[in-house]
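*Asks:* Okay, handing you the structure first.
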Amino acid sequence: MVRSMTGFGRGVTQTEHFQLTVEVRSVNHRFLEISSRFPKEWMEAELAAKKLIQSKVSRGKLDVSVFVNENHQHEQTMVINWPLVNAYKAARKELAAEVPLKEEWDMTELLKLEGALTVETAQLPHEEVIEAVRDALTEALNNLIAMREREGAVLHEVMCGFKQELVEQIDCIRAVSDDAVVKYREKLLLRIKEVTESTSVDERVLTEVAVFAEKIDIAEELDRLNSHLKQLDETLAEDISIGRKLDFLLQEIHRETNTIGSKNQSSEAFVAVVQMKSVLEKMREQVQNIE
C-alpha cells in the first residue's frame, strides 16, 4: 500500500483534571524526524510519545504539538526563599548606611526581588498524564495515517500511469531493435559491391554484421527492464514503507535505459529513450512523497 509522507492528524482526550489535544503534522523527509513541544515537566510522557510514533510511522518529518486545558485551577502555594531574602536584607542594610532608603519594605518591592518568592502549583497526576498522551496521540496518528493513505492512493494511480508509459516505450524499442541489424547489413552490402565483385562478399558481410549485432544487442537490457517493472508492481502492492525501495528500482531502470540509449541505432528508439527518461524523472519526483 502506498502512503504519502504529508498529512495531519488531531486527537483529543478528556480526564478528570484536564483536556488534552495532540496535533501531528507530517511532511516529506528522507528519514523519520520527530519534533515535539510538550510541557517541560512532561519529559517522560514525551519520550513515550516518540516511541509510539516510531512504532506507527517509518518516514517523514513530524511536528507534534500538545495543548492542555485544565478543568479547574489547582491549588497554588507561595514559597519564600528565606536565605535569599535575608541576603537581600543584609545588602539593603549595607546600602542604607550610604544612601537614603526607606526603613520599611512594601510588598511591591519584595515581589521585585528575583528568586525570593516563587509560586508552586500542584502537579497533574503522573499516570493520568501518560495515559492521556497515549490516547490522544493514538487518535492523532490514526487520523494522520488515514490521510497519508488517502493521498497515497492517488500517488499509486499516478505511479501506475507512469509505469504504463514506460511499458509502451519499451515495446516500441523492442519492435525496432532488430531493424538496425537489417539496415546495417544492407548498407554494408551496398558499399562492398561498389568496390568489388568478389564471391567471398557474403562471408565477410556475415562476419561484420555479426560483430555489429553483438555490439548493439539490447536483449539483456530489455529483459532486465521487464524484471524491474515487475518488481515495481510488487513493491507498490506491499503494505510497508516502500519509498526507498522504489527510489532504488527507478535508479536501476534509469541505468538500463541509459545503456539502451548508448547502443541505440535508430531515431525511433532514440525518441523512446528520451521519453522514458522524462517519465522516470517524474516518477522519482513522486517517490519523494512516498513513505
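Ordered as shown in the C-alpha cells, chains take letters A, B, and onward, while each chain numbers its residues from 1 and ligands are numbered from 1 in the order shown.
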So that I can check the secondary structure, give me every residue of range 75-129 of chain A assigned alpha helix (DSSP H) by backbone DSSP, as a VMD selection string.
*Replies:* chain A and resid 82 to 96 107 to 111 126 to 129
*Asks:* I'd like the contact shell of Glu41 in chain A - 12 Å cut-off, only C-alpha atoms, skipping same-chain residues fewer than 2 positions apart - returned as a PyMOL selection string.
*Replies:* chain A and resi 37-39+43-47+121-126+129-130
*Asks:* Name the residues in contact with Ile290 in chain A at a cut-off of 6 Å, using only C-alpha atoms, excluding same-chain residues fewer than 2 positions from it; report them as a CSV table (one decimal) with N, CA and C atoms, in the first residue's frame.
*Replies:*
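That gives us result28.csv:
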chain,number,residue,atom,x,y,z
A,3,ARG,N,1.7,5.0,0.8
A,3,ARG,CA,1.3,6.0,1.7
A,3,ARG,C,2.2,7.3,1.5
A,4,SER,N,1.5,8.4,1.4
A,4,SER,CA,2.2,9.7,1.3
A,4,SER,C,2.9,10.0,2.6
A,5,MET,N,3.9,10.9,2.6
A,5,MET,CA,4.5,11.4,3.8
A,5,MET,C,3.9,12.7,4.3
A,243,GLY,N,9.1,3.7,0.0
A,243,GLY,CA,9.7,4.8,-0.7
A,243,GLY,C,11.2,4.6,-1.2
A,287,VAL,N,8.1,9.8,-6.0
A,287,VAL,CA,8.6,8.9,-5.0
A,287,VAL,C,9.1,9.7,-3.7
A,288,GLN,N,9.5,10.9,-3.9
A,288,GLN,CA,10.0,11.7,-2.8
A,288,GLN,C,8.8,12.0,-1.8
*Asks:* Rank A:Thr6, A:Gln286, A:Asn226, A:Thr138 by their smallest atom-to-atom distance to Gln164 in chain A, using only C-alpha atoms, and report the top residue only.
*Replies:*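 Going through A:Thr6, A:Gln286, A:Asn226, A:Thr138 one by one, the smallest distance to Gln164 in chain A is for A:Asn226.
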*Asks:* For CA of Ile173 in chain A and CA of Arg244 in chain A, quote the distance in Å rounded to one decimal.
*Replies:* 28.3 Å
*Asks:* Could you give me, as a list in words, the residues within 8 Å of range 271-274 of chain A, counting only C-alpha atoms and dropping anything in the same chain fewer than 4 positions from it?
*Replies:*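 In the requested format, the answer is Gln169, Ile170, Cys172, Ile173, Thr257, Asn258, Ile260, Gly261, Ser267 and Ser278 of chain A.
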*Asks:* Go through A:Glu221, A:Glu151, A:Glu109, A:Glu128 one by one, measure the shortest atom-to-atom distance of each to His17 in chain A using only C-alpha atoms, and give the residue with the smallest value.
*Replies:*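 Closest residue, counting only C-alpha atoms: A:Glu128.
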*Asks:* I need the residue nearest Lys89 in chain A from this list: A:Leu110, A:His156, A:Val176, A:Lys163. Use only C-alpha atoms for the distance.
*Replies:* A:Leu110
